[in-house]
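**Student:** Have a peek at start10.tsv (TSV, C-alpha atoms).
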```
chain	number	residue	atom	x	y	z
P	1	MET	CA	8.08	-4.15	15.02
P	2	ASP	CA	9.76	-7.52	15.38
P	3	TRP	CA	12.96	-7.59	13.28
P	4	ARG	CA	11.99	-10.99	11.84
P	5	ALA	CA	8.66	-9.65	10.59
P	6	TYR	CA	10.39	-6.60	9.14
P	7	SER	CA	12.97	-8.78	7.47
P	8	LEU	CA	10.28	-11.03	6.03
P	9	GLY	CA	8.33	-8.00	4.81
P	10	GLU	CA	11.42	-6.62	3.13
P	11	SER	CA	12.10	-9.88	1.35
P	12	ILE	CA	8.50	-10.26	0.18
P	13	TYR	CA	7.85	-6.63	-0.75
P	14	PRO	CA	11.14	-4.82	-1.36
P	15	PRO	CA	10.31	-1.18	-2.14
P	16	SER	CA	12.25	-1.06	-5.37
P	17	GLN	CA	10.40	-4.05	-6.84
P	18	VAL	CA	6.81	-3.07	-6.03
P	19	LYS	CA	4.81	-2.07	-9.10
P	20	PHE	CA	1.33	-0.53	-9.34
P	21	ALA	CA	0.05	-3.42	-11.41
P	22	SER	CA	1.02	-5.94	-8.76
P	23	MET	CA	0.54	-3.79	-5.64
P	24	GLU	CA	-2.29	-4.96	-3.42
P	25	ILE	CA	-3.85	-3.57	-0.26
P	26	GLU	CA	-2.29	-6.39	1.78
P	27	GLN	CA	1.18	-5.21	0.77
P	28	ILE	CA	0.38	-1.73	2.03
P	29	ARG	CA	-1.15	-3.11	5.24
P	30	SER	CA	1.93	-5.22	5.90
P	31	ARG	CA	4.11	-2.09	5.96
P	32	TRP	CA	1.60	0.50	7.19
P	33	ASN	CA	3.42	0.83	10.52
P	34	ASP	CA	6.58	1.69	8.57
P	35	VAL	CA	4.63	4.41	6.77
P	36	LEU	CA	3.31	5.77	10.07
P	37	ASP	CA	6.78	5.65	11.66
P	38	THR	CA	8.17	7.60	8.71
P	39	LEU	CA	5.34	10.11	8.94
P	40	GLU	CA	5.86	10.56	12.68
P	41	SER	CA	9.57	11.17	12.19
P	42	HIS	CA	8.74	14.08	9.85
P	43	ASN	CA	5.65	15.55	11.51
P	44	ARG	CA	3.95	14.36	14.68
P	45	ILE	CA	0.76	16.34	13.99
P	46	ALA	CA	0.36	14.55	10.65
P	47	TRP	CA	0.91	11.23	12.43
P	48	ILE	CA	-1.82	12.06	14.96
P	49	ALA	CA	-4.18	12.90	12.11
P	50	TYR	CA	-3.58	9.57	10.33
P	51	PHE	CA	-2.63	7.00	12.98
P	52	ASP	CA	-6.17	5.65	13.35
P	53	ALA	CA	-6.91	5.30	9.64
P	54	ARG	CA	-8.22	1.99	8.37
P	55	LEU	CA	-6.91	1.01	4.97
P	56	ASP	CA	-10.07	0.40	2.95
P	57	SER	CA	-8.92	-0.25	-0.61
P	58	PHE	CA	-6.18	0.29	-3.15
P	59	GLU	CA	-7.07	0.58	-6.83
P	60	ASN	CA	-5.33	2.29	-9.75
P	61	GLY	CA	-2.82	4.05	-7.51
P	62	ARG	CA	-5.49	5.41	-5.13
P	63	LEU	CA	-5.38	4.39	-1.48
P	64	THR	CA	-8.73	4.87	0.24
P	65	LEU	CA	-8.64	5.45	4.00
P	66	ASP	CA	-11.63	5.03	6.30
P	67	PHE	CA	-11.96	7.06	9.51
P	68	ARG	CA	-15.44	5.95	10.58
P	69	ASP	CA	-14.12	4.06	13.63
P	70	SER	CA	-12.29	7.11	14.97
P	71	ASN	CA	-15.52	9.12	14.76
P	72	LYS	CA	-17.20	6.66	17.14
P	73	LEU	CA	-14.96	7.63	20.06
P	74	ALA	CA	-16.53	9.72	22.79
P	75	THR	CA	-13.84	12.39	22.56
P	76	GLY	CA	-14.16	12.51	18.80
P	77	HIS	CA	-10.99	12.25	16.79
P	78	ASP	CA	-12.14	14.48	13.97
P	79	TYR	CA	-8.88	15.55	12.41
P	80	GLN	CA	-10.28	15.94	8.90
P	81	GLU	CA	-8.99	19.48	8.57
P	82	ALA	CA	-5.50	18.43	9.70
P	83	ARG	CA	-5.60	15.46	7.34
P	84	LEU	CA	-6.33	17.75	4.42
P	85	ARG	CA	-3.38	20.00	5.33
P	86	HIS	CA	-0.99	17.08	5.85
P	87	ARG	CA	-2.07	14.66	3.11
P	88	SER	CA	1.04	15.41	1.05
P	89	LEU	CA	3.21	14.39	4.03
P	90	LEU	CA	1.44	11.03	4.20
P	91	GLN	CA	1.87	10.55	0.47
P	92	SER	CA	5.57	11.37	0.85
P	93	ALA	CA	5.91	8.81	3.65
P	94	ILE	CA	4.26	6.20	1.42
P	95	PHE	CA	6.74	7.10	-1.31
P	96	ASP	CA	9.63	6.75	1.13
P	97	VAL	CA	8.51	3.25	2.14
P	98	PHE	CA	7.30	1.86	-1.21
P	99	GLY	CA	9.04	4.04	-3.77
P	100	LEU	CA	5.68	4.80	-5.41
P	101	THR	CA	3.56	7.88	-5.82
P	102	ILE	CA	0.14	7.00	-4.42
P	103	VAL	CA	-2.89	9.26	-4.14
P	104	VAL	CA	-4.62	9.14	-0.76
P	105	VAL	CA	-8.37	9.68	-0.55
P	106	GLU	CA	-10.87	9.40	2.30
P	107	LYS	CA	-14.00	7.31	2.27
```
Any chance you could give the structure as structure tokens?
**Tutor:**
Amino acid sequence: MDWRAYSLGESIYPPSQVKFASMEIEQIRSRWNDVLDTLESHNRIAWIAYFDARLDSFENGRLTLDFRDSNKLATGHDYQEARLRHRSLLQSAIFDVFGLTIVVVEK
């Protein structure tokens, strides 16, 4: 990630100042690569299971992920079972980046 973009993201959405009431999906999208980098640093299998997720929506502390695009690939990236086992690691990575407890669900 370009350091200027990271710096801008930090100044717009500093983790300690993000609140559920004001959190929007665009804020999560803007730092999703940070979440994935954090996840990869803790568990590469979990990163593989979640790296192709599309962020669908964020409402009432629930982040909905969509994996329909990954299912279209010829080799089939069906990591649903791994995602279930590693969901808590993703939620921890989100907490590390945003300082919030967010529930992750699949569409």
**Student:** So, with all atoms listed in the file as the atoms that count, which of P:Ile25, P:His42, P:Asp34, P:Ile94 lies closest to P:Arg54?
**Tutor:**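 With all atoms listed in the file as the atom set, the closest residue is P:Ile25.
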**Student:** With distances taken over all atoms listed in the file, which residue among P:Trp47, P:Glu40, P:Lys107, P:Glu81 lies nearest P:Asp69?
**Tutor:**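 Among the listed residues, P:Lys107 lies closest to P:Asp69.
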**Student:** Closest to P:Val35 among P:Arg68, P:Phe51, P:Arg83, P:Ala93, using all atoms listed in the file?
**Tutor:**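 Ranking P:Arg68, P:Phe51, P:Arg83, P:Ala93 by distance to P:Val35, first place goes to P:Ala93.
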**Student:** Atom CA of P:Leu89 and atom CA of P:Ala53, how far apart in Å?
**Tutor:**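 Answer for the atom CA of P:Ala53 to atom CA of P:Leu89 separation: 14.7 Å.
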**Student:** Please report the interatomic distance between atom CA of P:Val105 and atom CA of P:Glu24 in Å with one decimal.
**Tutor:**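 Result for atom CA of P:Val105 versus atom CA of P:Glu24: 16.1 Å, one decimal.
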**Student:** Please report the interatomic distance between atom CA of P:Ser92 and atom CA of P:Leu63 in Å with one decimal.
**Tutor:** 13.2 Å
**Student:** Report, as JSON, the centre and edge lengths in Å (one decimal) of the axis-aligned box enclosing every listed atom of stretch 44-59 of chain P, padded by 8 Å on each side.
**Tutor:**
```
{"center_x": -3.1, "center_y": 8.0, "center_z": 4.1, "size_x": 30.0, "size_y": 32.6, "size_z": 37.8}
```
**Student:** I'd like to know which of P:Leu84, P:Leu65, P:Val97, P:Ile102 is closest to P:Ser30, using only C-alpha atoms.
**Tutor:** P:Val97
**Student:** Given the choices P:Leu100, P:Gln27, P:Gln80, P:Arg85, which gets closest to P:Asp52 if the distance is worked out from only C-alpha atoms?
**Tutor:** P:Gln80
**Student:** Could you tell me which of P:Leu55, P:Leu90, P:Asn33, P:Asn43 comes closest to P:Phe67 if we count only C-alpha atoms?
**Tutor:** P:Leu55
**Student:** With a distance cut-off of 12 Å and all atoms listed in the file, select the neighbouring residues of P:Arg44, excluding the residue or stretch itself and same-chain residues fewer than 5 positions from it, and output the selection as a ChimeraX atom specification.
**Tutor:** /P:36-39,49-51,82,86,89-90
